[in-house]
Amino acid sequence: MDFHGKTALITGGSRGIGKAVCLELAQKGANIVLCYSGREDAAQETASACRALGVQAIAVQCDVSDAKQVQNLIDTALEQFHSLDILVNNAGITKDNLIIRMSEDDFDDVISTNLKGAFLCIKTAARVMMRQRYGRIINISSVVGLRGNAGQANYAASKAGIIGLTKSLAKELASRGITVNVIAPGFTQTDMTAGLPEGIKNDLLRSIPAGRFGTSEEIAKAAAFLASEDAAYITGQVLSVDGGMAM
Ligand code: NAP
């Protein structure tokens with residue numbers, strides 16, 4: 001896989017899975033634009049780690065649920081690199097609660113960041129990719145979007161929504177040389193999952209045929225494959241990277 005001359009935009013690239021995707025694509029030669037929400041220190045650290053791999057990389061603050069900020073993000077990427085070849089919609093949050101205790105704000109916030117954020121980034125990037133007649137869009141869903149999870153109705157709805165969004169856009173954009181696919185990670189060790197109680201982690205572990213949690217690097221390798229020339233004829237698909245959880 002060789003991404004030299006390509007520009008990759010990764011939302012939520014400051015930490016966790018997004019950071020691993022930045023490093024994997026940078027290691028294979030892509031110039032990197034990563035966006036983050038509030039953790040500028042982590043974002044600059046990731047950009048600097050990418051540059052240490054010999055590519056150009058910038059970190060841009062952007063709330064993906066805000067259309068103006070997303071437009072600014074894409075404009076900045078184009079000013080810097082003049083093309084946009086790979087978009088990884090990875091930014092995501094959780095605000096868990098049982099449905100009777102879940103506030104309307106917590107439902108809206110999760111849908112806005114996880115689902116509307118991906119919509120806005122794709123809508124803005126697609127104009128550029130259609131002109132280029134080339135693009136790779138990878139949307140990060142979750143095993144929870146496939147199977148549901150008690151206490152995560154908002155998150156599961158956002159992640160199931162990502163799958164419908166992907167399949168529709170795959171149909172719209174295929175003739176322009178643009179593929180749109182989903183990666184559905186299982187339980188992956190990041191800040192998002194670090195705070196879960198040990199009891200829940202042990203229950204989860206028992207439900208994973210592979211018998212272990214996944215790593216961000218394992219998700220990143222799947223993203224690199226879907227971004228590569230080898231995946232040119234794959235679109236509208238959901239690739240589970242979950243140790244067998246969602247069979
Ligand atoms: P994480 O460690 O909590 O990192 C989340 C990233 O998203 C950070 O870079 C954060 O930026 C960014 N972000 C959050 N809200 C944003 C917003 N409104 N605008 C722009 N960026 C925003 O999460 P993770 O575990 O790596 O998860 C990454 C993706 O994988 C998410 O979509 C998540 O739902 C999905 N996923 C994770 C797992 C898992 O087990 N970890 C499993 C399945 C799916 P800051 O650093 O600035 O806060």
# chains A, B, ... in the order shown; residues from 1 in each chain; ligands from 1
$ residues_around --residues "Thr190 (chain A)" --least-positions-apart "6" --cutoff "10 Å" --atoms "only C-alpha atoms" --output "PDB file with N, CA, C and O atoms, in the first residue's frame"
ATOM      1  N   ARG A  15      -6.719  11.312  19.287  1.00  0.00           N
ATOM      2  CA  ARG A  15      -6.545  10.228  20.266  1.00  0.00           C
ATOM      3  C   ARG A  15      -7.103   8.923  19.725  1.00  0.00           C
ATOM      4  O   ARG A  15      -7.800   8.909  18.712  1.00  0.00           O
ATOM      5  N   GLY A  16      -6.832   7.833  20.439  1.00  0.00           N
ATOM      6  CA  GLY A  16      -7.502   6.551  20.215  1.00  0.00           C
ATOM      7  C   GLY A  16      -7.405   6.029  18.798  1.00  0.00           C
ATOM      8  O   GLY A  16      -6.338   6.030  18.167  1.00  0.00           O
ATOM      9  N   ILE A  17      -8.540   5.563  18.274  1.00  0.00           N
ATOM     10  CA  ILE A  17      -8.580   4.943  16.950  1.00  0.00           C
ATOM     11  C   ILE A  17      -8.157   5.947  15.873  1.00  0.00           C
ATOM     12  O   ILE A  17      -7.399   5.615  14.962  1.00  0.00           O
ATOM     13  N   GLY A 214      -9.803  -5.474  21.230  1.00  0.00           N
ATOM     14  CA  GLY A 214      -9.036  -5.066  20.049  1.00  0.00           C
ATOM     15  C   GLY A 214      -8.132  -3.876  20.356  1.00  0.00           C
ATOM     16  O   GLY A 214      -8.270  -3.219  21.393  1.00  0.00           O
ATOM     17  N   THR A 215      -7.229  -3.610  19.435  1.00  0.00           N
ATOM     18  CA  THR A 215      -6.360  -2.433  19.570  1.00  0.00           C
ATOM     19  C   THR A 215      -6.706  -1.432  18.467  1.00  0.00           C
ATOM     20  O   THR A 215      -7.222  -1.798  17.403  1.00  0.00           O
ATOM     21  N   SER A 216      -6.375  -0.179  18.733  1.00  0.00           N
ATOM     22  CA  SER A 216      -6.611   0.880  17.731  1.00  0.00           C
ATOM     23  C   SER A 216      -5.856   0.576  16.444  1.00  0.00           C
ATOM     24  O   SER A 216      -6.336   0.868  15.343  1.00  0.00           O
TER      25      SER A 216
END
$ select_by_dssp --residues "region 155-214 of chain A" --states "helix (DSSP H, G or I)" --output "JSON, numbers by chain"
{"A": [155, 156, 157, 158, 159, 160, 161, 162, 163, 164, 165, 166, 167, 168, 169, 170, 171, 172, 173, 174, 175, 176, 191, 192, 193, 194, 198, 199, 200, 201, 202, 203, 204, 205, 206]}
$ write_last_selection --atoms "C-alpha atoms" --output "short mmCIF file (atom, residue, chain, number, x, y, z; two decimals), in the first residue's frame"
data_model
loop_
_atom_site.label_atom_id
_atom_site.label_comp_id
_atom_site.auth_asym_id
_atom_site.auth_seq_id
_atom_site.Cartn_x
_atom_site.Cartn_y
_atom_site.Cartn_z
CA TYR A 155 -25.08 5.81 20.51
CA ALA A 156 -26.53 2.68 18.84
CA ALA A 157 -28.95 4.83 16.82
CA SER A 158 -26.09 7.05 15.65
CA LYS A 159 -23.94 4.08 14.69
CA ALA A 160 -26.77 2.23 12.92
CA GLY A 161 -27.52 5.51 11.12
CA ILE A 162 -23.92 5.61 9.87
CA ILE A 163 -24.55 2.31 8.09
CA GLY A 164 -27.66 3.58 6.25
CA LEU A 165 -25.83 6.80 5.37
CA THR A 166 -22.92 4.80 3.99
CA LYS A 167 -24.97 2.45 1.83
CA SER A 168 -26.96 5.33 0.32
CA LEU A 169 -23.86 7.38 -0.44
CA ALA A 170 -22.05 4.37 -1.85
CA LYS A 171 -24.85 4.15 -4.42
CA GLU A 172 -24.76 7.90 -5.13
CA LEU A 173 -21.01 8.21 -5.50
CA ALA A 174 -19.77 4.92 -7.00
CA SER A 175 -19.91 6.16 -10.59
CA ARG A 176 -17.59 9.08 -9.64
CA ASP A 191 -10.01 6.54 26.40
CA MET A 192 -13.65 5.91 25.39
CA THR A 193 -13.67 2.47 26.98
CA ALA A 194 -11.05 2.98 29.71
CA GLU A 198 -14.32 -4.02 35.53
CA GLY A 199 -17.51 -6.12 35.80
CA ILE A 200 -18.80 -4.84 32.44
CA LYS A 201 -15.39 -5.34 30.85
CA ASN A 202 -15.31 -8.96 32.06
CA ASP A 203 -18.84 -9.58 30.72
CA LEU A 204 -17.80 -8.09 27.38
CA LEU A 205 -14.67 -10.21 27.26
CA ARG A 206 -16.77 -13.36 27.60
#
$ atom_distance --atom1 "CA of Ser141 (chain A)" --atom2 "CA of Gly38 (chain A)"
21.7 Å
$ residues_around --residues "region 94-107 of chain A" --least-positions-apart "3" --cutoff "6 Å" --atoms "only C-alpha atoms" --output "ChimeraX atom specification"
/A:110,151-152,154
$ closest_residue --among "A:Val241, A:Ala125, A:Ile234, A:Ile137" --to "Thr188 (chain A)" --atoms "only C-alpha atoms"
A:Val241
$ residues_near_ligand --ligand "ligand 1" --cutoff "8 Å" --atoms "only C-alpha atoms and all ligand atoms" --output "PyMOL selection string"
chain A and resi 11-19+35-40+42-43+61-65+89-94+112-114+117+140-144+155+159+184-193+214+216
$ atom_distance --atom1 "CA of Met129 (chain A)" --atom2 "CA of Ile178 (chain A)"
7.1 Å
$ residues_around --residues "Gly244 (chain A)" --least-positions-apart "4" --cutoff "7 Å" --atoms "only C-alpha atoms" --output "PyMOL selection string"
chain A and resi 208-210
$ write_last_selection --atoms "C-alpha atoms" --output "CSV table (one decimal), in the first residue's frame"
chain,number,residue,atom,x,y,z
A,208,ILE,CA,-15.7,-12.0,22.3
A,209,PRO,CA,-14.9,-15.2,20.5
A,210,ALA,CA,-11.2,-14.1,20.0
$ select_by_dssp --residues "region 43-188 of chain A" --states "strand (DSSP E or B)" --output "PDB file with C-alpha atoms, in the first residue's frame"
ATOM      1  CA  ALA A  57       0.543  16.884   8.844  1.00  0.00           C
ATOM      2  CA  ILE A  58      -1.668  19.568  10.370  1.00  0.00           C
ATOM      3  CA  ALA A  59      -4.150  19.578  13.249  1.00  0.00           C
ATOM      4  CA  VAL A  60      -7.277  21.740  12.957  1.00  0.00           C
ATOM      5  CA  GLN A  61      -9.787  22.433  15.717  1.00  0.00           C
ATOM      6  CA  ILE A  86      -9.301   9.923   1.878  1.00  0.00           C
ATOM      7  CA  LEU A  87     -11.873  10.904   4.513  1.00  0.00           C
ATOM      8  CA  VAL A  88     -12.156   8.901   7.722  1.00  0.00           C
ATOM      9  CA  ASN A  89     -15.203   9.904   9.790  1.00  0.00           C
ATOM     10  CA  ASN A  97     -27.974   6.106  30.109  1.00  0.00           C
ATOM     11  CA  GLY A 135     -12.212   9.379  -3.208  1.00  0.00           C
ATOM     12  CA  ARG A 136     -12.213   6.932  -0.339  1.00  0.00           C
ATOM     13  CA  ILE A 137     -14.673   7.542   2.492  1.00  0.00           C
ATOM     14  CA  ILE A 138     -14.511   5.357   5.587  1.00  0.00           C
ATOM     15  CA  ASN A 139     -17.072   5.779   8.340  1.00  0.00           C
ATOM     16  CA  ILE A 140     -16.451   4.385  11.807  1.00  0.00           C
ATOM     17  CA  GLN A 152     -26.616   3.151  24.659  1.00  0.00           C
ATOM     18  CA  ILE A 178     -15.631   7.282  -4.821  1.00  0.00           C
ATOM     19  CA  THR A 179     -16.047   4.334  -2.452  1.00  0.00           C
ATOM     20  CA  VAL A 180     -17.897   4.632   0.865  1.00  0.00           C
ATOM     21  CA  ASN A 181     -17.520   1.903   3.481  1.00  0.00           C
ATOM     22  CA  VAL A 182     -18.007   1.279   7.183  1.00  0.00           C
ATOM     23  CA  ILE A 183     -15.697  -0.188   9.769  1.00  0.00           C
ATOM     24  CA  ALA A 184     -17.571  -1.537  12.786  1.00  0.00           C
ATOM     25  CA  PRO A 185     -15.051  -1.959  15.600  1.00  0.00           C
ATOM     26  CA  THR A 188     -11.275  -1.403  21.442  1.00  0.00           C
TER      27      THR A 188
END
$ atom_distance --atom1 "CA of Ser228 (chain A)" --atom2 "CA of Arg147 (chain A)"
28.3 Å
$ residues_around --residues "region 21-34 of chain A" --least-positions-apart "5" --cutoff "6 Å" --atoms "only C-alpha atoms" --output "list in words"
Asp2, Phe3, His4, Lys6, Thr7, Ala8, Leu9, Ile10, Thr11, Gly13, Cys50, Leu53, Val55, Gln56, Ala57, Ile58, Ala59 and Ala220 of chain A
